[in-house]
$ cat start-v4.pdb   # PDB, C-alpha atoms, pLDDT in the B column
ATOM      1  CA  ASN A   1     -10.565   8.900  -8.813  1.00 51.00           C
ATOM      2  CA  ALA A   2      -8.459   6.423  -6.874  1.00 70.00           C
ATOM      3  CA  GLY A   3     -10.203   4.435  -4.200  1.00 90.00           C
ATOM      4  CA  VAL A   4      -9.210   4.037  -0.578  1.00 94.00           C
ATOM      5  CA  MET A   5      -5.615   2.832  -0.402  1.00 96.00           C
ATOM      6  CA  GLN A   6      -4.119   0.761   2.360  1.00 97.00           C
ATOM      7  CA  ASN A   7      -0.587  -0.447   2.875  1.00 96.00           C
ATOM      8  CA  PRO A   8       0.917  -2.783   3.424  1.00 97.00           C
ATOM      9  CA  ARG A   9      -1.544  -5.393   2.132  1.00 96.00           C
ATOM     10  CA  HIS A  10       0.130  -8.069   4.244  1.00 97.00           C
ATOM     11  CA  LEU A  11       2.144  -7.585   7.405  1.00 98.00           C
ATOM     12  CA  VAL A  12       3.908 -10.218   9.492  1.00 98.00           C
ATOM     13  CA  ARG A  13       5.124  -9.387  12.978  1.00 98.00           C
ATOM     14  CA  ARG A  14       6.539 -11.372  15.887  1.00 97.00           C
ATOM     15  CA  ARG A  15       4.940 -11.111  19.292  1.00 97.00           C
ATOM     16  CA  GLY A  16       6.025  -7.919  21.051  1.00 97.00           C
ATOM     17  CA  GLN A  17       6.768  -5.946  17.884  1.00 98.00           C
ATOM     18  CA  GLU A  18       4.871  -2.907  16.648  1.00 98.00           C
ATOM     19  CA  ALA A  19       2.533  -2.873  13.657  1.00 98.00           C
ATOM     20  CA  ARG A  20       1.781   0.287  11.674  1.00 98.00           C
ATOM     21  CA  LEU A  21      -1.060   0.222   9.184  1.00 98.00           C
ATOM     22  CA  ARG A  22      -1.614   3.091   6.772  1.00 98.00           C
ATOM     23  CA  CYS A  23      -4.742   4.338   5.059  1.00 98.00           C
ATOM     24  CA  SER A  24      -5.104   7.042   2.414  1.00 97.00           C
ATOM     25  CA  PRO A  25      -8.752   8.028   2.004  1.00 94.00           C
ATOM     26  CA  MET A  26     -10.401   8.762  -1.305  1.00 92.00           C
ATOM     27  CA  LYS A  27      -9.713  12.220  -2.682  1.00 90.00           C
ATOM     28  CA  GLY A  28     -11.994  14.767  -1.073  1.00 86.00           C
ATOM     29  CA  HIS A  29     -12.908  12.486   1.842  1.00 88.00           C
ATOM     30  CA  SER A  30     -12.239  13.836   5.315  1.00 87.00           C
ATOM     31  CA  HIS A  31     -13.708  11.060   7.452  1.00 88.00           C
ATOM     32  CA  VAL A  32     -11.780   7.851   8.138  1.00 92.00           C
ATOM     33  CA  TYR A  33     -12.976   4.720   9.909  1.00 93.00           C
ATOM     34  CA  TRP A  34     -11.005   1.626  10.942  1.00 96.00           C
ATOM     35  CA  TYR A  35     -12.573  -1.833  11.262  1.00 95.00           C
ATOM     36  CA  ARG A  36     -11.200  -5.246  12.229  1.00 97.00           C
ATOM     37  CA  GLN A  37     -12.338  -8.548  10.748  1.00 95.00           C
ATOM     38  CA  LEU A  38     -11.580 -11.925  12.249  1.00 91.00           C
ATOM     39  CA  PRO A  39     -11.888 -15.019  10.028  1.00 84.00           C
ATOM     40  CA  GLU A  40     -15.478 -16.055   9.297  1.00 80.00           C
ATOM     41  CA  GLU A  41     -16.861 -12.903  10.935  1.00 85.00           C
ATOM     42  CA  GLY A  42     -18.219  -9.510   9.942  1.00 87.00           C
ATOM     43  CA  LEU A  43     -16.283  -6.294  10.336  1.00 92.00           C
ATOM     44  CA  LYS A  44     -16.173  -4.689  13.785  1.00 93.00           C
ATOM     45  CA  PHE A  45     -15.836  -0.934  14.193  1.00 92.00           C
ATOM     46  CA  MET A  46     -12.724   0.335  15.949  1.00 95.00           C
ATOM     47  CA  VAL A  47     -12.333   4.095  15.539  1.00 94.00           C
ATOM     48  CA  TYR A  48     -13.674   7.096  13.589  1.00 91.00           C
ATOM     49  CA  LEU A  49     -11.411  10.037  12.837  1.00 92.00           C
ATOM     50  CA  GLN A  50     -11.551  13.352  11.065  1.00 89.00           C
ATOM     51  CA  LYS A  51      -8.453  15.390  10.303  1.00 88.00           C
ATOM     52  CA  GLU A  52      -6.490  15.800  13.551  1.00 89.00           C
ATOM     53  CA  ASN A  53      -9.459  14.627  15.644  1.00 92.00           C
ATOM     54  CA  ILE A  54     -10.641  11.327  17.077  1.00 93.00           C
ATOM     55  CA  ILE A  55     -14.436  11.411  16.937  1.00 89.00           C
ATOM     56  CA  ASP A  56     -15.332   7.963  18.285  1.00 89.00           C
ATOM     57  CA  GLU A  57     -12.901   5.361  19.599  1.00 93.00           C
ATOM     58  CA  SER A  58     -15.468   3.217  21.370  1.00 91.00           C
ATOM     59  CA  GLY A  59     -14.408   0.083  19.467  1.00 92.00           C
ATOM     60  CA  MET A  60     -10.701   0.441  20.111  1.00 95.00           C
ATOM     61  CA  PRO A  61      -9.019  -1.735  22.746  1.00 94.00           C
ATOM     62  CA  LYS A  62      -7.938   0.437  25.660  1.00 90.00           C
ATOM     63  CA  GLU A  63      -4.307  -0.651  25.572  1.00 95.00           C
ATOM     64  CA  ARG A  64      -1.698  -0.999  22.835  1.00 97.00           C
ATOM     65  CA  PHE A  65      -3.918   0.406  20.046  1.00 98.00           C
ATOM     66  CA  SER A  66      -3.870   3.987  18.816  1.00 97.00           C
ATOM     67  CA  ALA A  67      -4.962   5.838  15.683  1.00 97.00           C
ATOM     68  CA  GLU A  68      -4.282   9.199  14.143  1.00 96.00           C
ATOM     69  CA  PHE A  69      -5.283  11.148  11.044  1.00 95.00           C
ATOM     70  CA  PRO A  70      -2.850  14.072  10.748  1.00 93.00           C
ATOM     71  CA  LYS A  71      -3.435  17.249   8.799  1.00 90.00           C
ATOM     72  CA  GLU A  72      -1.100  15.950   6.110  1.00 91.00           C
ATOM     73  CA  GLY A  73      -0.562  12.339   5.162  1.00 93.00           C
ATOM     74  CA  PRO A  74      -2.388   9.080   5.690  1.00 96.00           C
ATOM     75  CA  SER A  75      -4.275   7.821   8.704  1.00 97.00           C
ATOM     76  CA  ILE A  76      -2.217   5.438  10.831  1.00 98.00           C
ATOM     77  CA  LEU A  77      -3.457   2.575  13.002  1.00 98.00           C
ATOM     78  CA  ARG A  78      -0.701   1.577  15.414  1.00 98.00           C
ATOM     79  CA  ILE A  79      -0.597  -1.594  17.439  1.00 98.00           C
ATOM     80  CA  GLN A  80       2.151  -1.832  20.022  1.00 98.00           C
ATOM     81  CA  GLN A  81       3.523  -5.095  21.478  1.00 98.00           C
ATOM     82  CA  VAL A  82       1.396  -7.240  19.190  1.00 98.00           C
ATOM     83  CA  VAL A  83      -0.013 -10.550  20.418  1.00 97.00           C
ATOM     84  CA  ARG A  84      -1.306 -13.516  18.423  1.00 95.00           C
ATOM     85  CA  GLY A  85      -4.902 -12.410  19.015  1.00 94.00           C
ATOM     86  CA  ASP A  86      -4.209  -9.252  17.001  1.00 96.00           C
ATOM     87  CA  SER A  87      -3.967 -11.357  13.834  1.00 96.00           C
ATOM     88  CA  ALA A  88      -6.839 -10.190  11.642  1.00 96.00           C
ATOM     89  CA  ALA A  89      -7.705  -8.165   8.566  1.00 97.00           C
ATOM     90  CA  TYR A  90      -7.839  -4.436   9.252  1.00 98.00           C
ATOM     91  CA  PHE A  91      -9.959  -2.334   6.932  1.00 97.00           C
ATOM     92  CA  CYS A  92     -10.066   1.385   6.504  1.00 96.00           C
ATOM     93  CA  ALA A  93     -13.085   3.213   5.086  1.00 93.00           C
ATOM     94  CA  SER A  94     -13.559   6.840   4.124  1.00 91.00           C
ATOM     95  CA  SER A  95     -16.532   9.072   3.509  1.00 86.00           C
ATOM     96  CA  PRO A  96     -16.923  12.622   2.227  1.00 81.00           C
ATOM     97  CA  PRO A  97     -18.112  15.668   4.140  1.00 76.00           C
ATOM     98  CA  GLY A  98     -21.677  16.624   3.322  1.00 63.00           C
ATOM     99  CA  GLY A  99     -25.288  15.781   4.068  1.00 47.00           C
ATOM    100  CA  PRO A 100     -26.794  12.535   5.280  1.00 42.00           C
ATOM    101  CA  VAL A 101     -27.049  10.952   1.843  1.00 46.00           C
ATOM    102  CA  THR A 102     -23.374  11.446   1.059  1.00 49.00           C
ATOM    103  CA  ASP A 103     -21.738   9.866   4.067  1.00 61.00           C
ATOM    104  CA  THR A 104     -21.562   6.383   2.587  1.00 76.00           C
ATOM    105  CA  GLN A 105     -18.350   4.659   3.574  1.00 83.00           C
ATOM    106  CA  TYR A 106     -16.063   3.189   0.916  1.00 87.00           C
ATOM    107  CA  PHE A 107     -13.626   0.508   1.980  1.00 92.00           C
ATOM    108  CA  GLY A 108     -10.001  -0.141   1.148  1.00 95.00           C
ATOM    109  CA  PRO A 109      -8.579  -3.590   0.331  1.00 95.00           C
ATOM    110  CA  GLY A 110      -7.414  -4.183   3.890  1.00 96.00           C
ATOM    111  CA  THR A 111      -4.163  -5.076   5.639  1.00 97.00           C
ATOM    112  CA  ARG A 112      -3.823  -8.681   6.721  1.00 97.00           C
ATOM    113  CA  LEU A 113      -1.788  -8.791   9.931  1.00 97.00           C
ATOM    114  CA  THR A 114      -0.253 -12.072  11.015  1.00 97.00           C
ATOM    115  CA  VAL A 115       1.443 -12.278  14.396  1.00 97.00           C
ATOM    116  CA  LEU A 116       3.855 -15.174  14.794  1.00 95.00           C
TER     117      LEU A 116
ATOM    118  CA  GLY B   1     -25.161  -3.212  21.999  1.00 62.00           C
ATOM    119  CA  GLN B   2     -26.552  -3.077  18.505  1.00 65.00           C
ATOM    120  CA  GLN B   3     -26.682  -6.442  16.774  1.00 83.00           C
ATOM    121  CA  LEU B   4     -27.571  -7.534  13.286  1.00 91.00           C
ATOM    122  CA  ASN B   5     -28.636 -11.023  12.294  1.00 94.00           C
ATOM    123  CA  GLN B   6     -28.453 -12.341   8.767  1.00 96.00           C
ATOM    124  CA  SER B   7     -30.177 -15.350   7.282  1.00 95.00           C
ATOM    125  CA  PRO B   8     -29.374 -17.711   5.868  1.00 96.00           C
ATOM    126  CA  GLN B   9     -25.794 -18.115   7.067  1.00 94.00           C
ATOM    127  CA  SER B  10     -24.850 -19.813   3.779  1.00 95.00           C
ATOM    128  CA  MET B  11     -26.514 -20.722   0.497  1.00 95.00           C
ATOM    129  CA  PHE B  12     -25.707 -23.108  -2.319  1.00 96.00           C
ATOM    130  CA  ILE B  13     -27.707 -22.421  -5.458  1.00 94.00           C
ATOM    131  CA  GLN B  14     -27.735 -23.359  -9.126  1.00 96.00           C
ATOM    132  CA  GLU B  15     -26.662 -20.786 -11.677  1.00 96.00           C
ATOM    133  CA  GLY B  16     -29.713 -18.935 -12.957  1.00 96.00           C
ATOM    134  CA  GLU B  17     -31.692 -19.226  -9.725  1.00 96.00           C
ATOM    135  CA  ASP B  18     -32.899 -16.220  -7.771  1.00 97.00           C
ATOM    136  CA  VAL B  19     -31.484 -15.536  -4.304  1.00 96.00           C
ATOM    137  CA  SER B  20     -33.057 -13.886  -1.300  1.00 97.00           C
ATOM    138  CA  MET B  21     -31.344 -12.999   1.985  1.00 97.00           C
ATOM    139  CA  ASN B  22     -32.523 -11.095   5.041  1.00 96.00           C
ATOM    140  CA  CYS B  23     -31.164  -8.931   7.787  1.00 96.00           C
ATOM    141  CA  THR B  24     -32.793  -7.980  11.086  1.00 95.00           C
ATOM    142  CA  SER B  25     -31.682  -5.683  13.844  1.00 94.00           C
ATOM    143  CA  SER B  26     -32.408  -5.139  17.513  1.00 89.00           C
ATOM    144  CA  SER B  27     -32.131  -1.378  16.881  1.00 88.00           C
ATOM    145  CA  ILE B  28     -33.414   1.024  14.263  1.00 89.00           C
ATOM    146  CA  PHE B  29     -31.101   2.653  11.740  1.00 88.00           C
ATOM    147  CA  ASN B  30     -31.601   5.511   9.343  1.00 85.00           C
ATOM    148  CA  THR B  31     -29.440   3.915   6.636  1.00 89.00           C
ATOM    149  CA  TRP B  32     -29.216   0.305   5.518  1.00 91.00           C
ATOM    150  CA  LEU B  33     -26.337  -0.885   3.386  1.00 92.00           C
ATOM    151  CA  TRP B  34     -25.539  -4.069   1.517  1.00 95.00           C
ATOM    152  CA  TYR B  35     -21.899  -4.946   0.811  1.00 94.00           C
ATOM    153  CA  LYS B  36     -20.241  -7.849  -1.019  1.00 96.00           C
ATOM    154  CA  GLN B  37     -16.819  -9.104  -0.039  1.00 95.00           C
ATOM    155  CA  ASP B  38     -14.628 -11.302  -2.238  1.00 93.00           C
ATOM    156  CA  PRO B  39     -11.817 -13.352  -0.653  1.00 87.00           C
ATOM    157  CA  GLY B  40      -8.823 -11.188   0.210  1.00 87.00           C
ATOM    158  CA  GLU B  41     -10.613  -7.950  -0.611  1.00 90.00           C
ATOM    159  CA  GLY B  42     -12.484  -5.218   1.191  1.00 92.00           C
ATOM    160  CA  PRO B  43     -16.278  -4.924   1.174  1.00 93.00           C
ATOM    161  CA  VAL B  44     -17.745  -3.282  -1.910  1.00 92.00           C
ATOM    162  CA  LEU B  45     -20.940  -1.291  -1.551  1.00 91.00           C
ATOM    163  CA  LEU B  46     -23.817  -2.749  -3.584  1.00 94.00           C
ATOM    164  CA  ILE B  47     -26.861  -0.783  -2.485  1.00 93.00           C
ATOM    165  CA  ALA B  48     -27.551   1.993   0.026  1.00 91.00           C
ATOM    166  CA  LEU B  49     -31.052   2.645   1.393  1.00 92.00           C
ATOM    167  CA  TYR B  50     -31.951   5.885   3.139  1.00 89.00           C
ATOM    168  CA  LYS B  51     -35.723   5.825   3.703  1.00 90.00           C
ATOM    169  CA  ALA B  52     -38.026   3.382   5.448  1.00 91.00           C
ATOM    170  CA  GLY B  53     -39.961   1.453   2.804  1.00 92.00           C
ATOM    171  CA  GLU B  54     -37.482   2.367   0.059  1.00 92.00           C
ATOM    172  CA  LEU B  55     -37.003  -0.232  -2.673  1.00 95.00           C
ATOM    173  CA  THR B  56     -33.838   0.195  -4.746  1.00 94.00           C
ATOM    174  CA  SER B  57     -32.378  -1.787  -7.639  1.00 95.00           C
ATOM    175  CA  ASN B  58     -28.856  -2.048  -8.985  1.00 93.00           C
ATOM    176  CA  GLY B  59     -28.842  -4.283 -12.050  1.00 95.00           C
ATOM    177  CA  ARG B  60     -29.903  -7.760 -10.939  1.00 97.00           C
ATOM    178  CA  LEU B  61     -29.890  -6.713  -7.292  1.00 97.00           C
ATOM    179  CA  THR B  62     -32.917  -5.352  -5.431  1.00 97.00           C
ATOM    180  CA  ALA B  63     -32.973  -4.314  -1.788  1.00 96.00           C
ATOM    181  CA  GLN B  64     -35.619  -2.890   0.499  1.00 96.00           C
ATOM    182  CA  PHE B  65     -35.461  -0.880   3.712  1.00 94.00           C
ATOM    183  CA  GLY B  66     -38.101  -2.306   6.053  1.00 92.00           C
ATOM    184  CA  ILE B  67     -40.815   0.055   7.266  1.00 91.00           C
ATOM    185  CA  THR B  68     -39.959  -0.703  10.901  1.00 90.00           C
ATOM    186  CA  ARG B  69     -36.367   0.436  10.136  1.00 89.00           C
ATOM    187  CA  LYS B  70     -35.165  -2.760  11.791  1.00 91.00           C
ATOM    188  CA  ASP B  71     -34.852  -5.015   8.753  1.00 93.00           C
ATOM    189  CA  SER B  72     -33.838  -5.223   5.128  1.00 96.00           C
ATOM    190  CA  PHE B  73     -33.709  -7.816   2.384  1.00 96.00           C
ATOM    191  CA  LEU B  74     -31.535  -8.300  -0.687  1.00 97.00           C
ATOM    192  CA  ASN B  75     -32.627 -10.213  -3.768  1.00 97.00           C
ATOM    193  CA  ILE B  76     -30.362 -11.311  -6.614  1.00 97.00           C
ATOM    194  CA  SER B  77     -32.084 -12.435  -9.783  1.00 97.00           C
ATOM    195  CA  ALA B  78     -30.707 -14.947 -12.288  1.00 97.00           C
ATOM    196  CA  SER B  79     -27.524 -15.679 -10.339  1.00 96.00           C
ATOM    197  CA  ILE B  80     -24.208 -16.075 -12.166  1.00 96.00           C
ATOM    198  CA  PRO B  81     -20.881 -17.565 -10.991  1.00 94.00           C
ATOM    199  CA  SER B  82     -19.363 -14.158 -10.211  1.00 94.00           C
ATOM    200  CA  ASP B  83     -22.084 -13.584  -7.594  1.00 96.00           C
ATOM    201  CA  VAL B  84     -20.111 -15.918  -5.322  1.00 96.00           C
ATOM    202  CA  GLY B  85     -18.928 -14.187  -2.173  1.00 95.00           C
ATOM    203  CA  ILE B  86     -20.004 -13.041   1.252  1.00 95.00           C
ATOM    204  CA  TYR B  87     -22.844 -10.563   1.468  1.00 97.00           C
ATOM    205  CA  PHE B  88     -22.963  -8.284   4.492  1.00 95.00           C
ATOM    206  CA  CYS B  89     -25.873  -6.162   5.545  1.00 95.00           C
ATOM    207  CA  ALA B  90     -25.013  -3.128   7.621  1.00 92.00           C
ATOM    208  CA  GLY B  91     -26.875  -0.458   9.527  1.00 90.00           C
ATOM    209  CA  GLN B  92     -25.716   3.080  10.072  1.00 84.00           C
ATOM    210  CA  TRP B  93     -26.666   6.339  11.681  1.00 78.00           C
ATOM    211  CA  THR B  94     -25.544   9.488   9.868  1.00 64.00           C
ATOM    212  CA  TYR B  95     -21.823  10.129  10.328  1.00 62.00           C
ATOM    213  CA  ASP B  96     -21.528   7.152  12.604  1.00 71.00           C
ATOM    214  CA  LYS B  97     -19.908   3.767  12.571  1.00 77.00           C
ATOM    215  CA  VAL B  98     -21.305   1.058  10.342  1.00 82.00           C
ATOM    216  CA  ILE B  99     -22.637  -1.979  12.211  1.00 88.00           C
ATOM    217  CA  PHE B 100     -22.110  -5.119  10.162  1.00 91.00           C
ATOM    218  CA  GLY B 101     -24.043  -8.351  10.212  1.00 93.00           C
ATOM    219  CA  PRO B 102     -22.180 -11.678  10.296  1.00 92.00           C
ATOM    220  CA  GLY B 103     -22.626 -12.246   6.560  1.00 94.00           C
ATOM    221  CA  THR B 104     -24.313 -14.666   4.186  1.00 96.00           C
ATOM    222  CA  SER B 105     -21.966 -16.842   2.170  1.00 95.00           C
ATOM    223  CA  LEU B 106     -23.235 -17.475  -1.368  1.00 96.00           C
ATOM    224  CA  SER B 107     -22.009 -20.299  -3.559  1.00 95.00           C
ATOM    225  CA  VAL B 108     -23.239 -20.640  -7.146  1.00 94.00           C
ATOM    226  CA  ILE B 109     -23.047 -24.033  -8.821  1.00 91.00           C
ATOM    227  CA  PRO B 110     -22.560 -23.716 -12.598  1.00 88.00           C
TER     228      PRO B 110
END
$ encode --input "start-v4.pdb" --output "structure tokens"
Amino acid sequence: NAGVMQNPRHLVRRRGQEARLRCSPMKGHSHVYWYRQLPEEGLKFMVYLQKENIIDESGMPKERFSAEFPKEGPSILRIQQVVRGDSAAYFCASSPPGGPVTDTQYFGPGTRLTVL
Amino acid sequence: GQQLNQSPQSMFIQEGEDVSMNCTSSSIFNTWLWYKQDPGEGPVLLIALYKAGELTSNGRLTAQFGITRKDSFLNISASIPSDVGIYFCAGQWTYDKVIFGPGTSLSVIP
């Protein structure tokens, strides 16, 4: 069973460009979470999605950031008009549907975004 | 907002020594998690705890969910070089975001 997949692993953008980060959850998982990690820090929650629904976006910046998890295909985190402060590692996690003991989140390898 | 504190911030130990690290929270959780992160990789789940007072082992790792539901500890016995990395504690409510601590960096001296 393949783990959570993210691509690209590394992404370089110039200020003002758009960044698109993709996440394919583990097979059978219907919940996707995005986190951001700055150097020397822990991961910070951004957004929680189920198929075609945003459940909690309380950690997402109000402007320039958006996320989707369509019925078919991967989840996408989109950052428009990137700025240097967006440089970070972005991690996706997925969890299966089910009871309280089965909602453990499994993380992908991350996308390292560098804004020049 | 919810905050987790981890101690110590970093540790340097000799190979073969036991390690103990703690995590405290300003809020209660119904799940405590311990993750390890290697450089350039995502966090890997080590142990999940679902009940207050629960003590769970995974090989050389042992973790406990504090009875107040506001703390947890992780012990590593007989450390080896591959234990090097950053250890994150995390708290979670069911089907909710994971709140991560700032991490404990572990270095093992052969």
$ interface_residues --input "start-v4.pdb" --of "chain A" --to "chain B" --cutoff "6 Å" --atoms "only C-alpha atoms" --output "ChimeraX atom specification"
/A:41-43,100,107-110
$ resolve_selection --input "start-v4.pdb" --expression "the PyMOL selection byres ((chain A and resi 45-59) around 6)" --output "ChimeraX atom specification"
/A:30-35,44,60,69-71
$ write_last_selection --input "start-v4.pdb" --atoms "C-alpha atoms" --output "PDB file, in the coordinates of the input"
ATOM      1  CA  SER A  30     -12.239  13.836   5.315  1.00 87.00           C
ATOM      2  CA  HIS A  31     -13.708  11.060   7.452  1.00 88.00           C
ATOM      3  CA  VAL A  32     -11.780   7.851   8.138  1.00 92.00           C
ATOM      4  CA  TYR A  33     -12.976   4.720   9.909  1.00 93.00           C
ATOM      5  CA  TRP A  34     -11.005   1.626  10.942  1.00 96.00           C
ATOM      6  CA  TYR A  35     -12.573  -1.833  11.262  1.00 95.00           C
ATOM      7  CA  LYS A  44     -16.173  -4.689  13.785  1.00 93.00           C
ATOM      8  CA  MET A  60     -10.701   0.441  20.111  1.00 95.00           C
ATOM      9  CA  PHE A  69      -5.283  11.148  11.044  1.00 95.00           C
ATOM     10  CA  PRO A  70      -2.850  14.072  10.748  1.00 93.00           C
ATOM     11  CA  LYS A  71      -3.435  17.249   8.799  1.00 90.00           C
TER      12      LYS A  71
END
$ closest_residue --input "start-v4.pdb" --among "A:Pro97, A:Phe91, A:Arg84, A:Thr111" --to "Arg15 of chain A" --atoms "only C-alpha atoms"
A:Arg84
$ axis_aligned_box --input "start-v4.pdb" --around "segment 9-14 of chain B" --padding-each-side "8 Å" --output "lines of an AutoDock Vina configuration file"
center_x = -26.3
center_y = -20.7
center_z = -1.0
size_x = 18.9
size_y = 21.2
size_z = 32.2
$ resolve_selection --input "start-v4.pdb" --expression "the PyMOL selection byres ((chain A and resi 75) around 8)" --output "ChimeraX atom specification"
/A:22-24,32,67-70,73-74,76-77
$ residues_around --input "start-v4.pdb" --residues "segment 75-80 of chain B" --least-positions-apart "4" --cutoff "8 Å" --atoms "all atoms listed in the file" --output "count of residues only"
15
$ resolve_selection --input "start-v4.pdb" --expression "the PyMOL selection byres ((chain B and resi 22) around 8)" --output "PyMOL selection string"
chain B and resi 6-8+20-21+23-24+71-74
$ write_last_selection --input "start-v4.pdb" --atoms "C-alpha atoms" --output "PDB file, keeping the file's coordinate frame"
ATOM      1  CA  GLN B   6     -28.453 -12.341   8.767  1.00 96.00           C
ATOM      2  CA  SER B   7     -30.177 -15.350   7.282  1.00 95.00           C
ATOM      3  CA  PRO B   8     -29.374 -17.711   5.868  1.00 96.00           C
ATOM      4  CA  SER B  20     -33.057 -13.886  -1.300  1.00 97.00           C
ATOM      5  CA  MET B  21     -31.344 -12.999   1.985  1.00 97.00           C
ATOM      6  CA  CYS B  23     -31.164  -8.931   7.787  1.00 96.00           C
ATOM      7  CA  THR B  24     -32.793  -7.980  11.086  1.00 95.00           C
ATOM      8  CA  ASP B  71     -34.852  -5.015   8.753  1.00 93.00           C
ATOM      9  CA  SER B  72     -33.838  -5.223   5.128  1.00 96.00           C
ATOM     10  CA  PHE B  73     -33.709  -7.816   2.384  1.00 96.00           C
ATOM     11  CA  LEU B  74     -31.535  -8.300  -0.687  1.00 97.00           C
TER      12      LEU B  74
END
$ atom_distance --input "start-v4.pdb" --atom1 "atom CA of Arg36 of chain A" --atom2 "atom CA of Arg69 of chain B"
25.9 Å
$ atom_distance --input "start-v4.pdb" --atom1 "atom CA of Pro96 of chain A" --atom2 "atom CA of Met26 of chain A"
8.4 Å
$ atom_distance --input "start-v4.pdb" --atom1 "atom CA of Ser10 of chain B" --atom2 "atom CA of Ser107 of chain B"
7.9 Å
$ closest_residue --input "start-v4.pdb" --among "B:Glu54, B:Phe65, B:Gly59, B:Pro81" --to "Phe29 of chain B" --atoms "only C-alpha atoms"
B:Phe65
$ build_atoms --input "start-v4.pdb" --residues "segment 105-110 of chain B" --atoms "all heavy atoms" --output "CSV table (one decimal), keeping the file's coordinate frame"
chain,number,residue,atom,x,y,z
B,105,SER,N,-22.9,-16.3,3.2
B,105,SER,CA,-22.0,-16.8,2.2
B,105,SER,C,-22.8,-17.5,1.0
B,105,SER,O,-23.6,-18.3,1.2
B,105,SER,CB,-21.1,-17.9,2.8
B,105,SER,OG,-20.2,-18.5,1.8
B,106,LEU,N,-22.5,-17.0,-0.2
B,106,LEU,CA,-23.2,-17.5,-1.4
B,106,LEU,C,-22.3,-18.3,-2.3
B,106,LEU,O,-21.2,-17.8,-2.7
B,106,LEU,CB,-23.8,-16.3,-2.1
B,106,LEU,CG,-24.6,-16.7,-3.4
B,106,LEU,CD1,-25.8,-17.5,-3.1
B,106,LEU,CD2,-25.0,-15.4,-4.2
B,107,SER,N,-22.7,-19.5,-2.6
B,107,SER,CA,-22.0,-20.3,-3.6
B,107,SER,C,-22.9,-20.6,-4.7
B,107,SER,O,-24.1,-20.9,-4.5
B,107,SER,CB,-21.6,-21.6,-2.9
B,107,SER,OG,-20.7,-21.4,-1.8
B,108,VAL,N,-22.4,-20.4,-5.9
B,108,VAL,CA,-23.2,-20.6,-7.1
B,108,VAL,C,-22.7,-21.8,-7.9
B,108,VAL,O,-21.5,-21.8,-8.3
B,108,VAL,CB,-23.3,-19.4,-8.0
B,108,VAL,CG1,-24.1,-19.7,-9.3
B,108,VAL,CG2,-23.8,-18.2,-7.3
B,109,ILE,N,-23.5,-22.8,-8.1
B,109,ILE,CA,-23.0,-24.0,-8.8
B,109,ILE,C,-23.4,-23.9,-10.3
B,109,ILE,O,-24.5,-23.7,-10.7
B,109,ILE,CB,-23.8,-25.3,-8.3
B,109,ILE,CG1,-23.5,-25.3,-6.7
B,109,ILE,CG2,-23.3,-26.5,-9.0
B,109,ILE,CD1,-24.5,-26.3,-6.0
B,110,PRO,N,-22.3,-23.9,-11.2
B,110,PRO,CA,-22.6,-23.7,-12.6
B,110,PRO,C,-23.4,-24.8,-13.2
B,110,PRO,O,-23.5,-25.9,-12.7
B,110,PRO,CB,-21.1,-23.8,-13.2
B,110,PRO,CG,-20.2,-23.6,-12.1
B,110,PRO,CD,-20.9,-24.1,-10.9
